[in-house]
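What follows is the content of structure_31.txt, which has compact mmCIF, C-alpha atoms and all ligand atoms:
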```
# COMPACT_ATOMS: atom_id res chain seq x y z
CA MET A 1160 -16.24 25.69 -8.86
CA LYS A 1161 -14.54 24.41 -5.71
CA ARG A 1162 -11.01 23.23 -5.26
CA ALA A 1163 -9.27 21.14 -2.57
CA THR A 1164 -5.76 19.75 -2.14
CA ALA A 1165 -4.86 16.69 -0.08
CA VAL A 1166 -1.63 14.94 0.81
CA ALA A 1167 -1.34 11.23 1.67
CA HIS A 1168 1.55 8.89 2.32
CA PRO A 1169 1.95 5.39 0.91
CA ASN A 1170 1.67 2.42 3.23
CA ILE A 1171 3.46 -0.89 3.10
CA ALA A 1172 1.62 -4.00 4.25
CA LEU A 1173 3.39 -6.25 6.73
CA VAL A 1174 0.52 -8.73 6.62
CA LYS A 1175 -0.48 -8.67 2.99
CA TYR A 1176 -3.68 -8.19 1.05
CA TRP A 1177 -3.64 -10.47 -2.00
CA GLY A 1178 -6.91 -11.58 -3.57
CA LYS A 1179 -10.43 -10.17 -3.80
CA ARG A 1180 -13.75 -11.63 -2.69
CA ASP A 1181 -15.43 -8.95 -4.83
CA VAL A 1182 -13.50 -7.46 -7.72
CA ALA A 1183 -15.86 -4.57 -8.52
CA LEU A 1184 -15.95 -3.35 -4.91
CA ASN A 1185 -12.31 -4.22 -4.14
CA LEU A 1186 -13.30 -6.40 -1.19
CA PRO A 1187 -10.34 -8.45 0.02
CA SER A 1188 -10.27 -12.15 0.84
CA THR A 1189 -8.03 -11.46 3.84
CA SER A 1190 -7.45 -8.72 6.39
CA SER A 1191 -4.12 -6.88 6.35
CA LEU A 1192 -1.87 -4.73 8.52
CA SER A 1193 0.33 -1.89 7.29
CA LEU A 1194 2.80 0.80 8.22
CA THR A 1195 2.37 4.29 6.77
CA LEU A 1196 5.60 5.89 5.55
CA ASP A 1197 6.88 9.44 5.88
CA THR A 1198 8.86 11.38 3.21
CA PHE A 1199 7.17 9.70 0.23
CA ARG A 1200 3.89 11.42 -0.55
CA THR A 1201 1.20 12.08 -3.12
CA ARG A 1202 -0.25 15.59 -3.38
CA THR A 1203 -3.54 15.87 -5.28
CA THR A 1204 -5.69 18.86 -6.20
CA VAL A 1205 -9.26 18.36 -7.40
CA THR A 1206 -11.24 21.14 -9.06
CA TRP A 1207 -14.93 20.28 -8.84
CA GLY A 1208 -16.48 22.11 -11.80
CA ALA A 1209 -13.93 22.65 -14.58
CA SER A 1210 -14.38 23.34 -18.32
CA GLN A 1211 -13.73 19.66 -19.06
CA ASP A 1212 -12.50 16.46 -17.40
CA ALA A 1213 -8.71 16.46 -17.20
CA VAL A 1214 -6.20 14.34 -15.28
CA VAL A 1215 -2.56 15.36 -14.98
CA VAL A 1216 -0.05 13.04 -13.27
CA ASN A 1217 3.41 14.32 -12.41
CA GLY A 1218 2.95 17.29 -14.77
CA LYS A 1219 1.83 15.27 -17.82
CA PRO A 1220 -1.63 14.29 -19.09
CA ALA A 1221 -2.46 10.85 -17.69
CA ALA A 1222 -2.41 7.79 -19.95
CA ALA A 1223 -5.96 6.95 -21.13
CA LYS A 1224 -6.50 3.98 -18.78
CA GLU A 1225 -5.08 5.79 -15.77
CA GLY A 1226 -7.17 8.91 -16.47
CA GLU A 1227 -10.36 6.86 -16.82
CA ARG A 1228 -9.70 5.12 -13.52
CA VAL A 1229 -9.41 8.49 -11.76
CA LEU A 1230 -12.52 9.93 -13.44
CA ARG A 1231 -14.57 6.80 -12.69
CA PHE A 1232 -13.55 7.20 -9.07
CA LEU A 1233 -14.82 10.81 -9.00
CA SER A 1234 -18.20 9.56 -10.21
CA LEU A 1235 -18.41 7.39 -7.07
CA VAL A 1236 -18.45 10.62 -5.05
CA ASP A 1237 -21.30 11.95 -7.22
CA PRO A 1238 -22.68 10.15 -10.29
CA ASP A 1239 -23.98 13.53 -11.55
CA ARG A 1240 -20.72 15.33 -10.99
CA PRO A 1241 -19.63 18.26 -13.15
CA PRO A 1242 -16.46 18.05 -15.28
CA CYS A 1243 -13.46 17.93 -12.93
CA ALA A 1244 -9.74 18.64 -13.15
CA VAL A 1245 -7.31 16.47 -11.17
CA GLU A 1246 -3.65 17.27 -10.75
CA THR A 1247 -1.54 14.81 -8.83
CA ASP A 1248 2.13 14.31 -8.20
CA ASN A 1249 4.28 11.77 -6.40
CA ASN A 1250 7.72 12.56 -5.03
CA PHE A 1251 8.69 8.89 -5.57
CA PRO A 1252 8.41 6.38 -8.48
CA THR A 1253 4.82 5.73 -9.64
CA ALA A 1254 3.43 2.16 -10.12
CA ALA A 1255 6.74 0.47 -9.33
CA GLY A 1256 5.74 -1.58 -6.31
CA LEU A 1257 6.23 1.37 -3.97
CA ALA A 1258 2.55 1.64 -3.10
CA SER A 1259 1.85 4.80 -5.14
CA SER A 1260 -1.76 3.68 -5.63
CA SER A 1261 -2.26 3.62 -1.85
CA SER A 1262 -1.29 7.26 -1.34
CA GLY A 1263 -2.80 8.21 -4.72
CA PHE A 1264 -6.35 7.10 -4.05
CA ALA A 1265 -6.26 8.16 -0.38
CA ALA A 1266 -5.30 11.71 -1.43
CA LEU A 1267 -7.86 11.64 -4.24
CA ALA A 1268 -10.67 10.47 -1.92
CA LEU A 1269 -9.91 13.24 0.56
CA ALA A 1270 -9.48 16.01 -2.03
CA ALA A 1271 -12.49 14.95 -4.14
CA THR A 1272 -14.96 14.73 -1.24
CA ALA A 1273 -13.77 18.10 0.12
CA ALA A 1274 -13.95 19.75 -3.31
CA ALA A 1275 -17.45 18.30 -3.79
CA GLY A 1276 -18.48 19.69 -0.39
CA LYS A 1277 -19.44 16.23 0.94
CA ARG A 1278 -18.99 15.08 4.52
CA TYR A 1279 -17.81 11.50 5.01
CA THR A 1280 -17.15 9.66 8.27
CA PRO A 1281 -13.61 8.23 8.50
CA ALA A 1282 -15.00 4.72 7.82
CA ALA A 1283 -16.96 5.92 4.77
CA LEU A 1284 -13.88 7.72 3.46
CA SER A 1285 -11.83 4.53 3.90
CA ALA A 1286 -14.50 2.52 2.02
CA LEU A 1287 -14.43 5.11 -0.77
CA ALA A 1288 -10.61 5.08 -1.05
CA ARG A 1289 -10.77 1.26 -1.17
CA ARG A 1290 -12.83 1.45 -4.35
CA GLY A 1291 -9.92 3.21 -6.07
CA SER A 1292 -7.26 0.81 -4.86
CA GLY A 1293 -7.62 -1.65 -2.00
CA SER A 1294 -4.46 -0.60 -0.20
CA ALA A 1295 -5.56 3.08 -0.34
CA CYS A 1296 -8.11 2.50 2.43
CA ARG A 1297 -5.15 2.07 4.81
CA SER A 1298 -3.36 5.30 3.78
CA LEU A 1299 -5.86 7.64 5.41
CA TRP A 1300 -4.07 7.05 8.70
CA GLY A 1301 -0.52 7.38 9.85
CA GLY A 1302 1.26 4.81 11.96
CA TRP A 1303 0.09 1.19 12.12
CA VAL A 1304 -3.20 0.39 10.42
CA VAL A 1305 -5.44 -2.69 10.12
CA TRP A 1306 -7.82 -3.22 7.21
CA ASP A 1307 -10.59 -5.57 8.29
CA LYS A 1308 -11.76 -7.68 5.37
CA GLY A 1309 -15.36 -7.37 6.57
CA VAL A 1310 -18.27 -9.64 5.76
CA ALA A 1311 -20.95 -7.30 4.33
CA ALA A 1312 -21.76 -7.77 0.64
CA ASP A 1313 -21.71 -3.99 0.05
CA GLY A 1314 -18.27 -3.62 1.67
CA GLY A 1315 -19.51 -1.15 4.29
CA ASP A 1316 -17.45 -2.96 6.96
CA SER A 1317 -14.39 -3.57 4.80
CA VAL A 1318 -12.52 -0.52 6.05
CA SER A 1319 -9.33 0.37 7.86
CA ALA A 1320 -8.75 1.75 11.32
CA PRO A 1321 -5.60 2.78 13.16
CA LEU A 1322 -3.97 0.16 15.40
CA ALA A 1323 -1.22 2.34 16.87
CA LYS A 1324 -0.20 5.92 16.31
CA ARG A 1325 2.81 7.22 14.48
CA ASP A 1326 4.86 7.76 17.68
CA HIS A 1327 4.08 4.26 19.06
CA TRP A 1328 7.37 2.73 17.91
CA ASP A 1329 10.48 4.35 16.41
CA VAL A 1330 11.15 2.07 13.45
CA ARG A 1331 12.45 2.62 9.93
CA LEU A 1332 11.65 0.98 6.64
CA VAL A 1333 14.75 0.81 4.49
CA VAL A 1334 13.67 0.49 0.87
CA ALA A 1335 16.07 -1.18 -1.56
CA LEU A 1336 15.15 0.38 -4.92
CA ILE A 1337 15.79 -2.36 -7.41
CA ALA A 1338 13.90 -1.02 -10.40
CA GLY A 1339 12.02 2.26 -10.63
CA GLY A 1340 10.15 1.38 -13.84
CA ARG A 1341 6.48 0.49 -14.12
CA LYS A 1342 5.66 -3.07 -13.15
CA ALA A 1343 4.96 -5.73 -15.79
CA VAL A 1344 1.69 -7.03 -14.30
CA GLY A 1345 -0.55 -4.74 -12.26
CA SER A 1346 -1.69 -5.88 -8.81
CA THR A 1347 -5.36 -6.38 -9.76
CA GLU A 1348 -4.56 -8.57 -12.76
CA ALA A 1349 -2.01 -10.51 -10.74
CA MET A 1350 -4.40 -11.06 -7.84
CA ILE A 1351 -7.19 -12.30 -10.08
CA ARG A 1352 -4.89 -14.68 -11.92
CA THR A 1353 -3.57 -15.99 -8.60
CA GLN A 1354 -6.99 -16.63 -7.09
CA GLU A 1355 -8.30 -18.24 -10.26
CA THR A 1356 -5.34 -20.50 -11.03
CA SER A 1357 -3.00 -20.99 -8.07
CA PRO A 1358 -3.54 -24.27 -6.16
CA LEU A 1359 -1.85 -22.60 -3.17
CA TYR A 1360 -4.39 -19.80 -2.92
CA PRO A 1361 -6.89 -21.51 -0.53
CA GLY A 1362 -4.07 -22.08 1.97
CA TRP A 1363 -3.15 -18.40 1.75
CA VAL A 1364 -6.69 -17.36 2.64
CA GLU A 1365 -7.07 -19.95 5.43
CA SER A 1366 -3.87 -18.99 7.20
CA ALA A 1367 -4.23 -15.19 7.01
CA ASP A 1368 -6.22 -14.57 10.20
CA GLU A 1369 -3.54 -16.21 12.30
CA ASP A 1370 -0.86 -14.01 10.69
CA LEU A 1371 -2.89 -10.91 11.43
CA ALA A 1372 -3.45 -11.88 15.07
CA ARG A 1373 0.28 -12.49 15.58
CA ALA A 1374 1.29 -9.27 13.84
CA ARG A 1375 -1.25 -7.18 15.74
CA ARG A 1376 0.06 -8.51 19.06
CA ALA A 1377 3.68 -7.97 17.99
CA VAL A 1378 3.04 -4.34 17.01
CA LEU A 1379 1.25 -3.57 20.27
CA ASP A 1380 4.07 -5.27 22.24
CA ARG A 1381 6.78 -3.59 20.08
CA ASP A 1382 8.21 -7.08 19.55
CA LEU A 1383 10.33 -6.77 16.40
CA ALA A 1384 11.44 -10.41 16.30
CA ALA A 1385 7.82 -11.63 16.40
CA LEU A 1386 6.66 -9.06 13.86
CA GLY A 1387 9.64 -9.82 11.62
CA GLN A 1388 8.85 -13.52 11.57
CA VAL A 1389 5.23 -13.02 10.57
CA MET A 1390 5.90 -10.25 8.02
CA GLU A 1391 8.48 -12.35 6.16
CA HIS A 1392 6.15 -15.34 6.27
CA SER A 1393 3.25 -13.31 4.87
CA ALA A 1394 5.34 -11.81 2.04
CA LEU A 1395 6.95 -15.11 1.04
CA LYS A 1396 3.60 -16.90 1.18
CA MET A 1397 2.01 -14.22 -1.02
CA HIS A 1398 4.78 -14.51 -3.60
CA GLY A 1399 4.57 -18.32 -3.33
CA THR A 1400 0.89 -18.28 -4.29
CA MET A 1401 1.64 -16.19 -7.37
CA LEU A 1402 4.66 -18.25 -8.42
CA ALA A 1403 2.23 -21.19 -8.52
CA ALA A 1404 -0.30 -19.34 -10.73
CA ARG A 1405 -0.75 -20.17 -14.42
CA LEU A 1406 0.93 -18.30 -16.02
CA PRO A 1407 3.26 -17.70 -13.08
CA ILE A 1408 3.83 -14.17 -11.78
CA ARG A 1409 7.36 -13.45 -10.66
CA TYR A 1410 8.24 -9.92 -9.64
CA TRP A 1411 11.65 -10.81 -8.23
CA LYS A 1412 14.90 -9.85 -9.96
CA PRO A 1413 18.35 -11.24 -9.15
CA SER A 1414 19.00 -8.19 -6.95
CA THR A 1415 15.83 -8.95 -4.99
CA LEU A 1416 17.46 -12.20 -3.82
CA ALA A 1417 20.77 -10.45 -3.21
CA VAL A 1418 19.00 -8.08 -0.83
CA LEU A 1419 17.26 -10.97 0.98
CA ASP A 1420 20.68 -12.57 1.45
CA ALA A 1421 22.04 -9.32 2.82
CA VAL A 1422 19.19 -9.18 5.35
CA ASP A 1423 19.90 -12.77 6.46
CA GLU A 1424 23.54 -11.81 6.85
CA LEU A 1425 22.63 -8.76 8.95
CA ARG A 1426 20.58 -11.00 11.22
CA ARG A 1427 23.40 -13.49 11.57
CA GLY A 1428 25.52 -10.55 12.70
CA GLY A 1429 22.96 -9.69 15.40
CA THR A 1430 21.01 -6.84 13.72
CA ALA A 1431 17.22 -7.22 13.87
CA ALA A 1432 16.11 -6.53 10.28
CA PHE A 1433 13.18 -8.13 8.44
CA TYR A 1434 11.95 -7.85 4.88
CA THR A 1435 8.76 -7.60 2.89
CA MET A 1436 8.06 -7.30 -0.85
CA ASP A 1437 5.04 -6.18 -2.85
CA ALA A 1438 3.97 -6.37 -6.50
CA GLY A 1439 7.42 -5.42 -7.71
CA PRO A 1440 11.10 -6.29 -7.24
CA ASN A 1441 11.88 -3.78 -4.47
CA VAL A 1442 12.59 -5.02 -0.96
CA LYS A 1443 11.51 -3.11 2.14
CA VAL A 1444 13.39 -3.85 5.35
CA LEU A 1445 12.00 -3.06 8.80
CA CYS A 1446 14.39 -2.28 11.64
CA LEU A 1447 14.72 -0.07 14.72
CA ALA A 1448 15.64 3.56 14.01
CA ALA A 1449 19.05 3.13 15.66
CA ASP A 1450 19.94 0.27 13.26
CA ALA A 1451 18.81 2.04 10.07
CA PRO A 1452 22.26 3.44 9.05
CA LYS A 1453 23.83 -0.02 9.30
CA VAL A 1454 20.96 -1.68 7.41
CA ALA A 1455 21.04 1.01 4.70
CA GLU A 1456 24.78 0.56 4.23
CA ALA A 1457 24.44 -3.22 3.89
CA LEU A 1458 21.64 -2.90 1.32
CA ARG A 1459 23.38 -0.15 -0.63
CA ALA A 1460 26.34 -2.47 -1.11
CA VAL A 1461 24.17 -4.95 -3.03
CA CYS A 1462 21.52 -2.88 -4.77
CA GLY A 1463 22.75 0.66 -5.33
CA GLU A 1464 19.88 2.90 -4.32
CA VAL A 1465 18.31 2.92 -0.89
CA ALA A 1466 15.71 5.14 0.81
CA VAL A 1467 15.35 5.26 4.60
CA LEU A 1468 11.79 6.09 5.61
CA GLY A 1469 10.22 6.70 8.99
CA VAL A 1470 6.64 6.31 10.12
CA GLY A 1471 4.27 8.72 8.39
CA GLY A 1472 1.22 10.63 9.56
CA ASP A 1473 -2.44 10.84 8.56
CA ALA A 1474 -3.66 11.93 5.14
CA ARG A 1475 -4.70 15.58 5.35
CA LEU A 1476 -6.22 18.48 3.50
CA GLU A 1477 -3.90 21.38 2.76
CA LYS A 1478 -5.31 24.76 3.61
CA GLY A 1479 -5.15 27.67 1.21
CA ARG A 1480 -4.09 25.81 -1.93
O1 LIG B 1501 -4.50 -2.29 -3.52
P1 LIG B 1501 -3.48 -2.56 -4.52
O2 LIG B 1501 -4.05 -2.87 -5.85
O3 LIG B 1501 -2.45 -1.47 -4.52
O4 LIG B 1501 -2.72 -3.92 -4.10
C1 LIG B 1501 -1.80 -4.00 -3.06
C2 LIG B 1501 -1.13 -5.31 -3.05
C3 LIG B 1501 0.12 -5.41 -2.19
O5 LIG B 1501 0.79 -4.18 -2.13
C4 LIG B 1501 1.04 -6.44 -2.81
C5 LIG B 1501 -0.20 -5.90 -0.79
C6 LIG B 1501 -0.81 -4.90 0.16
O6 LIG B 1501 -1.46 -5.34 1.11
O7 LIG B 1501 -0.60 -3.68 0.00
```
Since I need it in another form, could you write the structure as structure tokens?
Amino acid sequence: MKRATAVAHPNIALVKYWGKRDVALNLPSTSSLSLTLDTFRTRTTVTWGASQDAVVVNGKPAAAKEGERVLRFLSLVDPDRPPCAVETDNNFPTAAGLASSSSGFAALALAATAAAGKRYTPAALSALARRGSGSACRSLWGGWVVWDKGVAADGGDSVSAPLAKRDHWDVRLVVALIAGGRKAVGSTEAMIRTQETSPLYPGWVESADEDLARARRAVLDRDLAALGQVMEHSALKMHGTMLAARLPIRYWKPSTLAVLDAVDELRRGGTAAFYTMDAGPNVKVLCLAADAPKVAEALRAVCGEVAVLGVGGDARLEKGR
């Protein structure tokens, strides 16, 4: 029996991943760029060799589907694995569009491979995490991360790598928490429906490389106005493709729009603040650290709960746990 504990932070994409060229391997149709967050984290302990398979999430036995997903993932590390026990907890809402699957599968990949006594290169670990949840392959690193969509059929080159370190740029992501509940349609189901039925989807795929090139340049140049323009474009375009799916997928709530209005208002008043949204109603607003109190106050006035998050570090193993 061997045990390992890992911690990983969620990441939020500024150039989005939406759509899969291979569903089984979680290979994306487009490359993406993300920012890893601090404060929010998943901590996961894997016991390799337990009396029976068991998955506990936030102190309670996992729901059947969720537990199976975790156990199937462990079998990717070793198809002949022994029974394993997994205990995981998030210090933020799970499956609510706050990227809990990104930190979840990054922490699980790290803890499981360590508990199994296997050595993975960073790229192989990223490819493994990707199998659990696409966005998880970006959460192995802190700071600014690019996930290259890759071209190989086996996904060996569809992995993430750091673009800039945590201390590259002192920004904040102000998260407007609109609803903490579980989302109505999961990201995989929503992506598949979008790519199969949305007439806007081909345009999304065709225009993604240009977005990535612009965003990459803007991050390296610390050009918030340029990054803001492309991140809003990518998020709105992603939601546009899903609004045009049959049946349509709409994650936005009235307060989502109220927050977008508040961001426009901040900008009219001279504060550089730019939004993105994922598979949920929450809005995440990027700004310079010095502007975060002002941005948080403006968002709190329209949505109630706000979290101010900085740039997070790499996923890591915890010693002695
Ligand atoms: O990898 P998943 O299934 O967590 O999907 C992530 C989808 C978005 O969060 C909407 C976009 C992204 O790039 O993270």
>> Give me the residues near Glu1225 (chain A) as a count of residues only, where near means some atom within 10 Å (using only C-alpha atoms) and where sequence neighbours in that chain fewer than 3 positions away do not count.
In response: 9
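Straight-line separation from CA of Thr1201 (chain A) to CA of Pro1321 (chain A): 19.9 Å.
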> Looking at all atoms listed in the file, which of A:Met1350, A:Leu1186, A:Ala1165, A:Ile1171 is the one that sits closest to Met1397 (chain A)?
Replying inline: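 Ranked by minimum distance to Met1397 (chain A), first place goes to A:Met1350.
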What's the 10 Å shell around Val1422 (chain A), counting only C-alpha atoms, without same-chain residues fewer than 2 positions away, as a PDB file with C-alpha atoms, keeping the file's coordinate frame?
```pdb
ATOM      1  CA  LEU A1416      17.460 -12.200  -3.820  1.00  0.00           C
ATOM      2  CA  ALA A1417      20.770 -10.450  -3.210  1.00  0.00           C
ATOM      3  CA  VAL A1418      19.000  -8.080  -0.830  1.00  0.00           C
ATOM      4  CA  LEU A1419      17.260 -10.970   0.980  1.00  0.00           C
ATOM      5  CA  ASP A1420      20.680 -12.570   1.450  1.00  0.00           C
ATOM      6  CA  GLU A1424      23.540 -11.810   6.850  1.00  0.00           C
ATOM      7  CA  LEU A1425      22.630  -8.760   8.950  1.00  0.00           C
ATOM      8  CA  ARG A1426      20.580 -11.000  11.220  1.00  0.00           C
ATOM      9  CA  ARG A1427      23.400 -13.490  11.570  1.00  0.00           C
ATOM     10  CA  GLY A1428      25.520 -10.550  12.700  1.00  0.00           C
ATOM     11  CA  THR A1430      21.010  -6.840  13.720  1.00  0.00           C
ATOM     12  CA  ALA A1431      17.220  -7.220  13.870  1.00  0.00           C
ATOM     13  CA  ALA A1432      16.110  -6.530  10.280  1.00  0.00           C
ATOM     14  CA  PHE A1433      13.180  -8.130   8.440  1.00  0.00           C
ATOM     15  CA  TYR A1434      11.950  -7.850   4.880  1.00  0.00           C
ATOM     16  CA  VAL A1444      13.390  -3.850   5.350  1.00  0.00           C
ATOM     17  CA  VAL A1454      20.960  -1.680   7.410  1.00  0.00           C
ATOM     18  CA  ALA A1457      24.440  -3.220   3.890  1.00  0.00           C
ATOM     19  CA  LEU A1458      21.640  -2.900   1.320  1.00  0.00           C
TER      20      LEU A1458
END
```
> A:Thr1198, A:Gln1211, A:Ser1193, A:Thr1164: which is nearest Leu1445 (chain A), counting all atoms listed in the file?
Replying inline: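 Ranking A:Thr1198, A:Gln1211, A:Ser1193, A:Thr1164 by distance to Leu1445 (chain A), first place goes to A:Ser1193.
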Kindly work out which residues sit at most 9 Å from ligand LIG 1501 (chain B), using only C-alpha atoms and all ligand atoms, and give the list as a short mmCIF file (atom, residue, chain, number, x, y, z; two decimals) with C-alpha atoms, keeping the file's coordinate frame.
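Final output, saved to pocket.cif:
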```
data_model
loop_
_atom_site.label_atom_id
_atom_site.label_comp_id
_atom_site.auth_asym_id
_atom_site.auth_seq_id
_atom_site.Cartn_x
_atom_site.Cartn_y
_atom_site.Cartn_z
CA ASN A 1170 1.67 2.42 3.23
CA ILE A 1171 3.46 -0.89 3.10
CA ALA A 1172 1.62 -4.00 4.25
CA LEU A 1173 3.39 -6.25 6.73
CA VAL A 1174 0.52 -8.73 6.62
CA LYS A 1175 -0.48 -8.67 2.99
CA TYR A 1176 -3.68 -8.19 1.05
CA TRP A 1177 -3.64 -10.47 -2.00
CA GLY A 1178 -6.91 -11.58 -3.57
CA ASN A 1185 -12.31 -4.22 -4.14
CA SER A 1190 -7.45 -8.72 6.39
CA SER A 1191 -4.12 -6.88 6.35
CA LEU A 1192 -1.87 -4.73 8.52
CA SER A 1193 0.33 -1.89 7.29
CA ALA A 1254 3.43 2.16 -10.12
CA GLY A 1256 5.74 -1.58 -6.31
CA LEU A 1257 6.23 1.37 -3.97
CA ALA A 1258 2.55 1.64 -3.10
CA SER A 1259 1.85 4.80 -5.14
CA SER A 1260 -1.76 3.68 -5.63
CA SER A 1261 -2.26 3.62 -1.85
CA ARG A 1289 -10.77 1.26 -1.17
CA GLY A 1291 -9.92 3.21 -6.07
CA SER A 1292 -7.26 0.81 -4.86
CA GLY A 1293 -7.62 -1.65 -2.00
CA SER A 1294 -4.46 -0.60 -0.20
CA ALA A 1295 -5.56 3.08 -0.34
CA CYS A 1296 -8.11 2.50 2.43
CA ARG A 1297 -5.15 2.07 4.81
CA GLY A 1345 -0.55 -4.74 -12.26
CA SER A 1346 -1.69 -5.88 -8.81
CA THR A 1347 -5.36 -6.38 -9.76
CA GLU A 1348 -4.56 -8.57 -12.76
CA MET A 1350 -4.40 -11.06 -7.84
CA ALA A 1394 5.34 -11.81 2.04
CA MET A 1397 2.01 -14.22 -1.02
CA HIS A 1398 4.78 -14.51 -3.60
CA MET A 1436 8.06 -7.30 -0.85
CA ASP A 1437 5.04 -6.18 -2.85
CA ALA A 1438 3.97 -6.37 -6.50
CA GLY A 1439 7.42 -5.42 -7.71
#
```
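Distances to Arg1162 (chain A) were evaluated for A:Pro1407, A:Glu1227, A:Gly1399, A:Gly1208 using only C-alpha atoms, and the minimum falls at A:Gly1208.
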> So what do you get for CA of Ser1298 (chain A) versus CA of Thr1189 (chain A), distance-wise?
Replying inline: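 Answer for the CA of Ser1298 (chain A) to CA of Thr1189 (chain A) separation: 17.4 Å.
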>> Just to confirm, what's the straight-line distance from CA of Ala1266 (chain A) to CA of Leu1299 (chain A) in Å (one decimal)?
In response: 8.0 Å
> Can you tell me, as a list in words, what residues are no more than 9 Å from Val1378 (chain A) when counting all atoms listed in the file, ignoring any on the same chain fewer than 3 positions away?
Replying inline: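 Counting all atoms listed in the file, the residues come to Trp1303, Leu1322, Ala1323, His1327, Trp1328, Arg1373, Ala1374, Arg1375, Arg1381, Asp1382, Leu1383, Ala1385 and Leu1386 of chain A.
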> Smallest atom-to-atom distance to His1168 (chain A): which of A:Glu1464, A:Asp1237, A:Asp1450, A:Asp1197, using all atoms listed in the file?
Replying inline: A:Asp1197
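Distance check against Leu1476 (chain A) using all atoms listed in the file: of A:Arg1180, A:Arg1459, A:Arg1202, A:Arg1278, the minimum falls on A:Arg1202.
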> Which residues, protein or nucleic acid, reach to within 8 Å of (-15.0, 22.0, 0.2) in the file's coordinates when using all atoms listed in the file, and can you give that as a list in words?
Replying inline: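 Checked against the point, the hits come out as Lys1161, Arg1162, Ala1163, Thr1272, Ala1273, Ala1274, Ala1275, Gly1276 and Lys1277 of chain A.
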> From the set A:Pro1413, A:Val1465, A:Glu1246, A:Lys1179, which residue has the shortest atom-to-atom contact distance to Thr1203 (chain A), counting all atoms listed in the file?
Replying inline: A:Glu1246
> Excluding same-chain residues fewer than 6 positions from Met1401 (chain A), what lies within 8 Å of it counting only C-alpha atoms, as a PyMOL selection string?
Replying inline: chain A and resi 1349-1350+1353+1357+1407-1409
